[in-house]
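Listing of structure-v2.tsv; format and content: TSV, C-alpha atoms.
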```tsv
chain	number	residue	atom	x	y	z
A	170	MET	CA	-25.12	16.47	3.60
A	171	ILE	CA	-23.20	13.19	3.62
A	172	SER	CA	-24.48	9.88	2.27
A	173	VAL	CA	-22.66	6.55	2.58
A	174	GLU	CA	-22.97	3.37	0.52
A	175	THR	CA	-21.07	0.19	1.47
A	176	GLN	CA	-19.38	-2.13	-1.02
A	177	MET	CA	-17.13	-5.23	-0.86
A	178	ASP	CA	-18.90	-6.61	2.25
A	179	GLY	CA	-18.35	-3.34	4.08
A	180	ALA	CA	-14.64	-3.03	3.30
A	181	LEU	CA	-15.28	-0.18	0.85
A	182	LEU	CA	-17.30	2.93	1.69
A	183	GLU	CA	-18.50	5.25	-1.07
A	184	VAL	CA	-19.13	8.64	0.52
A	185	GLU	CA	-20.90	11.48	-1.30
A	186	LEU	CA	-20.65	15.01	0.10
A	187	SER	CA	-22.92	17.82	-1.07
A	188	GLY	CA	-23.99	21.26	0.12
A	189	GLN	CA	-22.38	22.73	3.24
A	190	ILE	CA	-20.85	20.00	5.42
A	191	THR	CA	-21.26	20.32	9.19
A	192	ALA	CA	-19.96	18.44	12.22
A	193	GLN	CA	-23.41	16.90	12.61
A	194	ASP	CA	-23.01	15.26	9.20
A	195	TYR	CA	-19.82	13.62	10.48
A	196	ASP	CA	-21.23	12.68	13.88
A	197	THR	CA	-24.47	11.15	12.63
A	198	VAL	CA	-23.46	9.65	9.28
A	199	LEU	CA	-19.79	9.30	8.37
A	200	ILE	CA	-18.10	8.47	11.69
A	201	PRO	CA	-20.67	5.75	12.62
A	202	ALA	CA	-20.28	4.22	9.14
A	203	VAL	CA	-16.49	4.14	9.41
A	204	GLU	CA	-16.54	2.68	12.93
A	205	LYS	CA	-19.08	0.01	11.92
A	206	ALA	CA	-16.90	-1.00	8.96
A	207	LEU	CA	-13.82	-1.21	11.19
A	208	GLU	CA	-15.62	-3.60	13.53
A	209	ASN	CA	-15.43	-6.24	10.77
A	210	HIS	CA	-12.29	-5.19	8.88
A	211	ASP	CA	-8.79	-4.23	10.03
A	212	ARG	CA	-8.57	-1.68	7.22
A	213	ILE	CA	-11.17	-0.16	4.94
A	214	ARG	CA	-11.10	1.67	1.62
A	215	LEU	CA	-12.80	5.02	1.17
A	216	MET	CA	-14.14	6.86	-1.87
A	217	MET	CA	-14.95	10.50	-1.12
A	218	SER	CA	-16.98	12.17	-3.89
A	219	PHE	CA	-17.44	15.96	-3.86
A	220	GLY	CA	-19.98	16.84	-6.57
A	221	GLN	CA	-20.85	20.16	-8.15
A	222	GLU	CA	-23.27	20.83	-5.27
A	223	PHE	CA	-20.47	20.71	-2.68
A	224	GLN	CA	-20.15	24.12	-0.98
A	225	GLY	CA	-17.43	23.43	1.57
A	226	TYR	CA	-16.97	22.75	5.28
A	227	ASP	CA	-17.90	24.91	8.21
A	228	LEU	CA	-15.30	25.15	11.02
A	229	SER	CA	-16.93	22.45	13.13
A	230	ALA	CA	-16.91	20.04	10.18
A	231	ALA	CA	-13.24	20.75	9.49
A	232	TRP	CA	-12.46	19.82	13.11
A	233	ALA	CA	-14.61	16.70	12.85
A	234	ASP	CA	-12.72	15.73	9.67
A	235	SER	CA	-9.40	16.08	11.52
A	236	LYS	CA	-10.67	13.98	14.44
A	237	LEU	CA	-11.86	11.27	12.06
A	238	GLY	CA	-8.43	11.08	10.41
A	239	LEU	CA	-6.49	11.07	13.68
A	240	GLY	CA	-8.84	8.67	15.45
A	241	HIS	CA	-8.68	6.07	12.68
A	242	TRP	CA	-5.19	6.86	11.38
A	243	ARG	CA	-4.26	3.24	10.71
A	244	GLY	CA	-7.73	2.07	9.77
A	245	PHE	CA	-7.66	3.23	6.16
A	246	ASP	CA	-6.13	1.00	3.48
A	247	ARG	CA	-6.70	3.30	0.49
A	248	ILE	CA	-8.55	6.58	-0.16
A	249	ALA	CA	-9.84	7.94	-3.47
A	250	VAL	CA	-10.96	11.58	-3.60
A	251	VAL	CA	-13.22	12.42	-6.55
A	252	THR	CA	-13.67	16.14	-7.16
A	253	ASP	CA	-13.29	18.98	-9.62
A	254	THR	CA	-12.89	21.56	-6.82
A	255	LYS	CA	-9.44	23.04	-7.31
A	256	TRP	CA	-8.64	24.02	-3.70
A	257	LEU	CA	-9.70	20.59	-2.47
A	258	ARG	CA	-7.61	18.79	-5.09
A	259	ASN	CA	-4.54	20.87	-4.17
A	260	SER	CA	-5.06	20.31	-0.44
A	261	ILE	CA	-5.37	16.54	-0.82
A	262	ARG	CA	-2.27	16.32	-3.00
A	263	LEU	CA	-0.25	18.28	-0.46
A	264	ALA	CA	-1.38	16.00	2.37
A	265	ALA	CA	-1.07	12.70	0.47
A	266	PRO	CA	2.69	12.10	1.06
A	267	ILE	CA	2.27	12.08	4.86
A	268	MET	CA	-0.86	9.92	4.91
A	269	PRO	CA	-0.40	6.36	6.21
A	270	CYS	CA	-2.19	4.91	3.17
A	271	PRO	CA	-2.31	5.50	-0.60
A	272	VAL	CA	-4.38	8.57	-1.54
A	273	GLN	CA	-5.31	9.36	-5.15
A	274	VAL	CA	-7.27	12.32	-6.59
A	275	PHE	CA	-9.64	11.82	-9.56
A	276	ASP	CA	-11.82	14.12	-11.69
A	277	LEU	CA	-15.59	13.70	-11.31
A	278	ILE	CA	-15.76	12.25	-14.81
A	279	ASP	CA	-13.30	9.53	-13.71
A	280	ALA	CA	-15.39	8.19	-10.81
A	281	GLU	CA	-15.47	4.70	-12.32
A	282	ILE	CA	-11.67	4.71	-12.67
A	283	ALA	CA	-11.47	5.63	-8.99
A	284	ARG	CA	-13.68	2.63	-8.13
A	285	ARG	CA	-11.44	0.30	-10.13
A	286	TRP	CA	-8.36	1.74	-8.39
A	287	LEU	CA	-9.91	1.03	-5.00
A	288	ARG	CA	-10.83	-2.53	-5.89
A	289	GLU	CA	-7.67	-3.64	-7.65
A	290	SER	CA	-4.35	-4.69	-6.21
A	291	LEU	CA	-1.78	-1.98	-6.90
A	292	GLY	CA	1.23	-4.25	-6.87
A	293	SER	CA	2.09	-7.90	-6.64
A	294	VAL	CA	4.66	-10.33	-5.27
A	295	HIS	CA	5.56	-13.34	-7.39
A	296	MET	CA	7.44	-16.35	-6.03
A	297	ARG	CA	9.20	-19.02	-8.11
A	298	ASP	CA	10.89	-22.19	-6.94
A	299	LEU	CA	14.48	-22.27	-8.23
A	300	GLY	CA	15.19	-25.73	-6.88
A	301	GLY	CA	16.72	-26.91	-3.60
A	302	PRO	CA	16.77	-24.15	-0.98
A	303	CYS	CA	16.53	-21.36	-3.58
A	304	LEU	CA	13.47	-19.18	-4.06
A	305	GLN	CA	12.92	-16.17	-6.34
A	306	VAL	CA	10.74	-13.36	-4.95
A	307	LYS	CA	9.85	-10.67	-7.49
A	308	LEU	CA	8.30	-7.39	-6.30
A	309	MET	CA	6.22	-5.66	-8.97
A	310	GLY	CA	4.53	-2.24	-9.04
A	311	LYS	CA	3.64	-0.36	-5.87
A	312	LEU	CA	2.89	-2.58	-2.92
A	313	ASP	CA	0.04	-2.02	-0.49
A	314	PRO	CA	-0.39	-3.60	2.99
A	315	GLU	CA	-2.80	-6.29	1.75
A	316	VAL	CA	-0.34	-7.56	-0.86
A	317	ILE	CA	2.46	-7.64	1.73
A	318	ALA	CA	0.30	-9.54	4.24
A	319	ASN	CA	-0.56	-12.17	1.61
A	320	ALA	CA	3.09	-12.42	0.58
A	321	GLU	CA	4.09	-13.10	4.19
A	322	LYS	CA	1.79	-16.15	4.33
A	323	ASP	CA	3.17	-17.48	1.04
A	324	LEU	CA	6.76	-16.82	2.08
A	325	ASP	CA	6.34	-18.65	5.39
A	326	ALA	CA	4.90	-21.66	3.57
A	327	GLN	CA	7.77	-21.65	1.06
A	328	ILE	CA	10.38	-21.48	3.84
A	329	ARG	CA	8.78	-24.35	5.79
A	330	ALA	CA	8.87	-26.54	2.68
A	331	ARG	CA	12.65	-26.17	2.25
A	332	ASP	CA	15.77	-27.56	3.80
A	333	GLY	CA	17.64	-24.27	4.16
A	334	PHE	CA	16.69	-21.04	2.43
A	335	ARG	CA	18.44	-18.91	-0.20
A	336	LEU	CA	16.66	-15.90	-1.70
A	337	LEU	CA	16.79	-14.20	-5.09
A	338	LEU	CA	15.12	-10.81	-4.56
A	339	ASP	CA	14.16	-9.29	-7.92
A	340	LEU	CA	13.59	-5.51	-7.65
A	341	SER	CA	13.75	-4.75	-11.37
A	342	GLN	CA	10.01	-3.92	-11.59
A	343	PHE	CA	9.50	-2.66	-8.03
A	344	ASP	CA	8.14	0.91	-7.85
A	345	GLY	CA	7.94	1.35	-4.07
A	346	TRP	CA	5.13	1.41	-1.53
A	347	GLN	CA	1.60	2.79	-1.58
A	348	GLY	CA	1.70	4.86	1.63
A	349	LEU	CA	3.53	4.75	4.95
A	350	SER	CA	1.57	1.76	6.25
A	351	ALA	CA	2.72	-0.37	3.29
A	352	MET	CA	6.34	0.62	3.84
A	353	ALA	CA	6.07	-0.18	7.57
A	354	ALA	CA	4.49	-3.57	6.82
A	355	HIS	CA	7.26	-4.36	4.34
A	356	PHE	CA	10.05	-3.53	6.79
A	357	SER	CA	8.28	-5.54	9.50
A	358	LEU	CA	8.22	-8.52	7.12
A	359	VAL	CA	11.93	-8.09	6.35
A	360	ARG	CA	12.84	-7.77	10.04
A	361	GLU	CA	10.91	-10.91	11.03
A	362	HIS	CA	12.66	-13.01	8.36
A	363	ALA	CA	16.10	-11.37	8.44
A	364	ALA	CA	17.83	-14.23	10.26
A	365	ILE	CA	16.51	-16.99	7.98
A	366	PRO	CA	18.30	-16.78	4.58
A	367	GLU	CA	21.79	-18.19	4.08
A	368	ARG	CA	22.33	-16.10	0.92
A	369	VAL	CA	20.48	-13.21	-0.71
A	370	ALA	CA	21.00	-12.18	-4.32
A	371	VAL	CA	19.46	-8.79	-5.16
A	372	VAL	CA	18.64	-8.21	-8.84
A	373	GLY	CA	17.94	-4.75	-10.24
A	374	ASP	CA	19.00	-2.06	-12.68
A	375	GLN	CA	18.96	1.15	-10.63
A	376	ALA	CA	21.37	2.80	-8.22
A	377	TRP	CA	18.89	2.81	-5.31
A	378	GLN	CA	18.45	-0.94	-5.67
A	379	ARG	CA	22.21	-1.44	-5.38
A	380	ALA	CA	22.17	0.82	-2.31
A	381	ALA	CA	19.36	-1.30	-0.84
A	382	GLN	CA	21.56	-4.38	-1.12
A	383	HIS	CA	24.35	-2.63	0.78
A	384	LEU	CA	21.86	-1.61	3.45
A	385	MET	CA	20.72	-5.21	3.83
A	386	ARG	CA	24.18	-6.21	4.99
A	387	ARG	CA	23.56	-4.29	8.21
A	388	PHE	CA	20.70	-6.47	9.40
A	389	LEU	CA	20.97	-9.75	7.45
A	390	ASN	CA	22.87	-12.71	8.85
A	391	ALA	CA	23.52	-13.81	5.30
A	392	GLU	CA	25.88	-13.32	2.41
A	393	SER	CA	24.41	-10.86	-0.07
A	394	HIS	CA	25.39	-9.75	-3.53
A	395	PHE	CA	23.95	-7.39	-6.16
A	396	PHE	CA	23.44	-8.49	-9.77
A	397	ASP	CA	22.31	-6.46	-12.74
A	398	VAL	CA	18.99	-7.60	-14.20
A	399	SER	CA	20.84	-8.70	-17.35
A	400	ASP	CA	22.78	-11.22	-15.22
A	401	ILE	CA	19.93	-12.99	-13.47
A	402	ASP	CA	21.40	-16.35	-14.54
A	403	GLY	CA	24.59	-15.37	-12.70
A	404	ALA	CA	22.53	-14.56	-9.61
A	405	VAL	CA	20.88	-17.98	-9.68
A	406	ALA	CA	24.26	-19.69	-10.15
A	407	TRP	CA	25.72	-17.77	-7.17
A	408	LEU	CA	22.81	-18.77	-4.97
A	409	LYS	CA	23.19	-22.45	-5.86
A	410	ALA	CA	27.00	-22.55	-5.58
```
Can I see the file as structure tokens?
Amino acid sequence: MISVETQMDGALLEVELSGQITAQDYDTVLIPAVEKALENHDRIRLMMSFGQEFQGYDLSAAWADSKLGLGHWRGFDRIAVVTDTKWLRNSIRLAAPIMPCPVQVFDLIDAEIARRWLRESLGSVHMRDLGGPCLQVKLMGKLDPEVIANAEKDLDAQIRARDGFRLLLDLSQFDGWQGLSAMAAHFSLVREHAAIPERVAVVGDQAWQRAAQHLMRRFLNAESHFFDVSDIDGAVAWLKA
């Protein structure tokens, strides 16, 4: 049996699975709920809870589960799986790296933590006016598509308000992307704004961040330079020179 409860104006579905799950459970309950939510939201968040009464899937349900994932591949923003079933936990963790959205596994006792994880923003983008054409953009934590979409609006507004544009990109607290869709959204944002900056100073303290600055040179029409996080004042001075 599958039961569905909607939260966050339909953007979050809490799904409880118990007993033996069949294709009929998907066809009559879960798939209609997902499709209804996607009528009003570009992406939705999903909490899948498998309690002690969960007995598994029959073959038809396993196929229905695959069809649901493939048919709405880009419709999920974040998925929390709450279960103590060992084989299910292992399967989800193996599949998580290739999913287009962040997927996290929680113990049954941590259901409330899973809810908080679904509701919160996983990362953030902070912008600070450095004067004149210079703007600091600091990426923090792991970014999800929603954070990147909001950052794009703010960045466009900041660029329009300036005469020229020079960017200080602070990666010192950036931990990467939550899923493939977040990474794709980030690179789309970079590509759309690649021709705008006159100078880009990249600030970080790790080798991959230095490598990222070298990679930027291939598609930026701007001077770029890497600065260690301890020399952020030097980065600002270089931008303003």
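For the choices A:Pro266, A:Gly292, A:Gly403, A:Gly345, the atom-to-atom distance to Trp377 in chain A is smallest for A:Gly345 when using only C-alpha atoms.
Neighbouring residues of range 335-338 of chain A at 6 Å or closer, counting only C-alpha atoms and skipping chain neighbours under 2 positions away, are Pro302, Cys303, Leu304, Gln305, Val306, Pro366, Glu367, Arg368, Val369, Ala370 and Val371 of chain A.
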**Q.** Within 8 Å of Leu199 in chain A using only C-alpha atoms, minus same-chain residues under 4 positions, as a PyMOL selection string
**A.** chain A and resi 171-173+184+194-195+203
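From CA of Ile282 in chain A back to CA of Trp346 in chain A, the distance works out to 20.4 Å.
The nearest approach to Glu281 in chain A among the residues A:Met268, A:Val251, A:Leu389, A:Leu263, with all atoms listed in the file taken into account, belongs to A:Val251.
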Q) If you measure from CA of Glu315 in chain A to CA of Trp286 in chain A, what distance in Å do you get, rounded to one decimal? A) 14.1 Å
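When all atoms listed in the file are used to measure the gap to Ser218 in chain A, the shortest distance among A:Gln193, A:Gly179, A:Ala206, A:Ala280 belongs to A:Ala280.
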Q.
Around (17.7, -3.3, -11.0), as given in the file, which residues come within 9 Å? Count all atoms listed in the file and list them as a list in words.
A. Asp339, Leu340, Ser341, Gln342, Phe343, Val371, Val372, Gly373, Asp374, Gln375, Ala376, Trp377, Gln378, Arg379, Phe395, Phe396, Asp397, Val398 and Ser399 of chain A
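The coordinates place CA of Ala406 in chain A at 22.1 Å from CA of Ala380 in chain A.
Closest approach to Leu186 in chain A among A:Ala202, A:Ala330, A:Met385, A:Met217: A:Met217, based on all atoms listed in the file.
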